[in-house]
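Following: one structure in structure tokens, then a few remarks.
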Amino acid sequence: MRKRLRYILLAVILVGIATVVLRVWLREPHIAPGSYVQIDLGGEYVEAPPQDLIGRLLHSREHTLIDVLTTIRKAQVDERIKGLIVRVTTLETGWAKVQDLRDALVAFKKSGKPMLALLEKEASSSNKEYYLGSVADRVYLAPSATAPLNGLAAQFLFLGGVWDKLDIQMTVEKIREYKTFGDMIGNREMTPAHREMANSLLDSINAQFIAGIAQSRGLEPETVQTLIEQCPVSPAEFETAHLSNGSKYLQDLQDELGADTKLVPMNDYMQVRAKPLGLNVGPQIAVVYGVGAIVPGESGSSLQGELLGADTVSEALADAAADDDAKAIVFRVDSPGGSALASDLVWRATQAARKKKPVIVSMSDVAGSGGYYISAGANRIVAQPATMTGSIGVVFVRPNIKGMLARLGITTESITRGKFAALDDLTTALSDEGRRKLVAEMDHIYDVFVERVASGRGMTTERVNDIGRGRVWTGAQAKENGLVDELGGFAAAIQAAKQAAGIDASKEVELVFYPQPKSLVERLGQLLGARATIDVPAPWRRALQAVTLPFEDGALLTLMRQIVDVR
């Protein structure tokens with residue numbers, strides 16, 4: 001019976017694959033001259049498509065960031081496309097990815113083609129969405145929407161009051177004072193260092209936010225700040241302040257273009273191939289994805305989100321370096337860090353790759369702690385102004401759950417040989433001598449981290465320690481401190497790779513992505529041997545990420561788990 005079910009499942013999968021292939025390759029849409037493309041921006045954009053077959057089938061309608069950036073660029077160069085309608089709904093992504101999208105729209109606008117934007121979001125706190133849509137020539141609000149701006153806010157979670165209630169003894173050690181993941185686990189409120197850093201980060205994001213809107217709408221930054229202080233206001237007042245061009249429905253925008261104008265849905269236009277338009281051709285550049293919490297072993301997915309497996313990414317870097325056709329490597333990093341050992345293994349792979357060709361790091365929303373560790377050895381680092389990076393530090397978290405188990409009627413006993421054999425035993429208290437041992441090991445890892453950064457960035461270890469100590473910086477601040485070479489997104493990183501490889505800046509390049517997609521046989525084998533997984537909604541997933549760790553007991557972490565979510 002089980003064998004029969006596998007054959008049925010295999011048949012269903014093959015039919016699904018055939019359907020996707022027919023839709024994508026055999027039915028490229030006809031695009032009439034003078035058409036507009038409707039670009040729908042909203043939700044959460046992942047960096048790389050899922051590698052497993054189930055993920056690709058279940059999430060086939062979700063777009064990666066590179067999918068959307070490529071679609072906008074195709075519309076920019078496609079002579080059949082007259083302009084864009086950009087429809088912005090709720091964004092569930094970080095500020096750096098929003099800046100990547102914004103950069104693509106700015107580049108489109110420079111082509112001289114018209115762009116209209118429509119914000120369809122009910123809540124007044126739509127700062128990120130307005131920041132993105134404000135690039136357009138004309139910005140409209142949906143008639144029933146609330147005026148979107150009300151200022152930025154950042155919230156932080158502290159779990160220090162939970163452990164007594166659960167009868168858990170929680171030991172937290174951190175290096176150094178700005179390593180706020182330790183504060184989140186062990187404290188009930190912000191430390192002075194945490195508050196200083198949080199205000200600095202919010203000031204940086206707010207300055208970028210206001211400057212972007214002011215530039216797009218032809219206003220002074222002071223004027224925008226004054227208008228934000230008065231929000232939320234009615235859509236009519238928003239228009240009077242020159243922050244919008246009025247209120248319209250999507251159909252009104254379509255009618256405004258004229259009955260003869262063809263409107264191409266985004267999903268249809270995505271099927272238009274890039275190469276006939278002169279894109280994705282020429283010398284090759286390898287793109288290696290490093291996404292998720294850094295763990296030993298293979299990359300994959302978990303309830304905590306994506307996992308950046310050291311073995312998978314190291315192999316991908318080695319494959320890209322060995323590819324004679326690839327002239328440079330762009331290492332796209334979106335990671336809050338993780339295992340110190342795994343981070344060092346990936347860093348070593350970047351050094352091996354550098355011996356063969358240039359390695360350019362492109363930072364996405366987050367490249368902090370271990371995420372910065374694996375980036376530090378690149379030839380050049382490119383980050384968006386709003387990227388969260390730095391966090392050069394180490395943290396250790398060790399719960400003693402003996403009391404909690406006793407509440408449940410569970411008792412434990414441990415028999416050991418060796419003075420520190422129980423160091424990783426989560427049912428025994430950590431001795432003072434054991435704590436000193438762990439702190440010494442953390443100091444060693446921190447010193448290695450600092451040395452890696454100093455070597456990669458051409459700094460002294462004293463300077464790295466000054467700007468390290470666990471402190472998180474925005475990309476803009478990181479550039480001022482020498483942790484980043486250039487501000488920009490994925491497109492800027494490709495330009496940097498071309499320059500490093502001696503490719504003319506105006507020349508198109510073909511992107512080759514790593515890890516390369518698994519073959520059909522590999523995916524089917526993975527599917528038939530796979531365990532069931534759960535698709536957790538984004539808000540719940542973020543809560544799980546805050547309180548669960550996909551690491552072995554006793555692991556020392558270079559982790560920036562408490563990501564600043566500014567909305």
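Note on naming: chains are A, B, ... as they come in the structure tokens, residues start from 1 per chain, ligands start from 1 in the order shown.
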_Residue neighbourhood Ala145 in chain A, 7 Å, only C-alpha atoms, exclusion window fewer than 5 positions, as an NGL selection string_ = :A and (120-122)
*asked:* Quick check for you: according to DSSP on this backbone, which residues of range 237-485 of chain A are classed as alpha helix (DSSP H)? Reply as a PyMOL selection string.
replied: chain A and resi 237-240+250-257+266-269+310-322+340-354+370-373+402-407+432-457+461-467+475-480
*Skip Ser343 in chain A itself and residues of its chain fewer than 5 positions away, then list as number ranges by chain all residues within 9 Å of it, counting only C-alpha atoms.*
A: 294-296, 310, 337-338, 348, 370-371, 373-374, 558
*With a distance cut-off of 9 Å and only C-alpha atoms, select the neighbouring residues of Gly161 in chain A, excluding the residue or stretch itself and same-chain residues fewer than 6 positions from it, and output the selection as number ranges by chain.*
A: 186-188
Polymer residues at most 12 Å from Leu423 in chain A, only C-alpha atoms, same-chain spacing of 4 or more positions, as a compact mmCIF listing (two decimals) with C-alpha atoms, in the first residue's frame:
```txt
# COMPACT_ATOMS: atom_id res chain seq x y z
CA THR A 171 22.81 31.53 32.66
CA ARG A 398 22.62 27.85 29.26
CA PRO A 399 19.34 26.95 30.98
CA ASN A 400 19.13 24.58 33.95
CA SER A 414 23.94 12.50 36.18
CA THR A 416 30.26 12.02 35.29
CA ARG A 417 33.95 11.39 34.76
CA GLY A 418 35.98 14.55 34.39
CA LYS A 419 35.88 17.89 36.16
CA THR A 427 19.83 19.54 34.40
CA THR A 428 22.73 20.69 36.60
CA ALA A 429 23.70 24.12 37.86
CA LEU A 430 26.73 25.78 36.26
CA SER A 431 29.58 26.06 38.74
CA ASP A 432 31.61 29.25 39.15
CA GLU A 433 34.67 27.46 37.79
CA GLY A 434 32.65 26.17 34.85
CA ARG A 435 31.42 29.68 34.12
CA ARG A 436 34.98 31.01 34.11
CA LYS A 437 35.95 28.24 31.70
CA LEU A 438 33.16 29.20 29.31
CA ASP A 553 23.45 22.44 23.64
CA GLY A 554 26.51 24.33 24.83
CA ALA A 555 27.26 25.96 21.47
```
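For the pair CA of Asn206 in chain A and CA of Gly151 in chain A, the separation is 8.3 Å.
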*Which polymer residues have any atom within 7 Å of an atom of range 272-275 of chain A, counting only C-alpha atoms, with same-chain residues fewer than 5 positions away left out, as JSON, numbers by chain?*
{"A": [28, 29, 74, 280, 281]}
Hey, can you spit out that residue selection with C-alpha atoms as a PDB file, in the first residue's frame?
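Result saved to part-v7.pdb:
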```pdb
ATOM      1  CA  GLU A  28       5.221  33.332 -23.003  1.00  0.00           C
ATOM      2  CA  PRO A  29       2.632  36.103 -23.064  1.00  0.00           C
ATOM      3  CA  LYS A  74      12.995  43.927 -17.994  1.00  0.00           C
ATOM      4  CA  ASN A 280      21.459  38.153 -18.480  1.00  0.00           C
ATOM      5  CA  VAL A 281      23.904  37.699 -21.346  1.00  0.00           C
TER       6      VAL A 281
END
```
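Counting only C-alpha atoms, the residue from A:Lys82, A:Lys128, A:Lys174, A:Lys498 that sits nearest to Asp443 in chain A is A:Lys174.
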Selection near Asp323 in chain A, 12 Å with only C-alpha atoms, sequence-local residues under 4 positions removed, as a PDB file with C-alpha atoms, in the first residue's frame:
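Below you can see out_37.pdb, which holds the result:
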```pdb
ATOM      1  CA  GLN A 284      29.319  35.130 -16.191  1.00  0.00           C
ATOM      2  CA  ILE A 285      29.225  36.170 -12.537  1.00  0.00           C
ATOM      3  CA  ALA A 286      28.445  33.577  -9.872  1.00  0.00           C
ATOM      4  CA  VAL A 287      25.919  34.439  -7.156  1.00  0.00           C
ATOM      5  CA  ALA A 316      28.745  26.411  -3.243  1.00  0.00           C
ATOM      6  CA  LEU A 317      31.634  28.876  -2.845  1.00  0.00           C
ATOM      7  CA  ALA A 318      34.112  26.189  -3.907  1.00  0.00           C
ATOM      8  CA  ASP A 319      32.005  25.268  -6.959  1.00  0.00           C
ATOM      9  CA  LYS A 327      34.726  35.830 -13.520  1.00  0.00           C
ATOM     10  CA  ALA A 328      33.741  36.878  -9.992  1.00  0.00           C
ATOM     11  CA  ILE A 329      31.536  35.794  -7.090  1.00  0.00           C
ATOM     12  CA  ALA A 353      37.529  31.295  -3.192  1.00  0.00           C
ATOM     13  CA  LYS A 356      40.866  32.154  -7.566  1.00  0.00           C
ATOM     14  CA  LYS A 357      38.626  35.172  -8.219  1.00  0.00           C
ATOM     15  CA  VAL A 512      24.823  31.828 -12.411  1.00  0.00           C
ATOM     16  CA  PHE A 513      23.319  30.949  -9.033  1.00  0.00           C
ATOM     17  CA  TYR A 514      24.744  28.685  -6.307  1.00  0.00           C
TER      18      TYR A 514
END
```
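Counting only C-alpha atoms, the residue from A:Gly470, A:Tyr131, A:Ala491, A:Glu173 that sits nearest to Ala505 in chain A is A:Ala491.
Distances to Asn199 in chain A were evaluated for A:Val472, A:Leu487, A:Ala104, A:Ala326 using only C-alpha atoms, and the minimum falls at A:Val472.
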*Name the closest residue to Leu405 in chain A among the candidates A:Leu159, A:Leu132, A:Ala493, A:Leu166; distances are taken between atoms, counting only C-alpha atoms.*
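Among the listed residues, A:Leu166 lies closest to Leu405 in chain A.
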_Those of range 108-195 of chain A in DSSP strand (DSSP E or B), formatted as a PyMOL selection string_ = chain A and resi 115-119+138-141+154+169-175
*Determine the nearest neighbour of Ser216 in chain A from the options A:Gly42, A:Pro148, A:Gly133, A:Gly502, counting only C-alpha atoms.*
A:Gly133
_CA of Ile168 in chain A to CA of Gly403 in chain A, straight-line distance in Å_ =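 These two atoms are separated by 6.2 Å.
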*Nearest to Tyr269 in chain A, chosen from A:Ala497, A:Ile72, A:Leu101, A:Ile210, with only C-alpha atoms counted in the distances*: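 Closest to Tyr269 in chain A of all the choices is A:Ile72.
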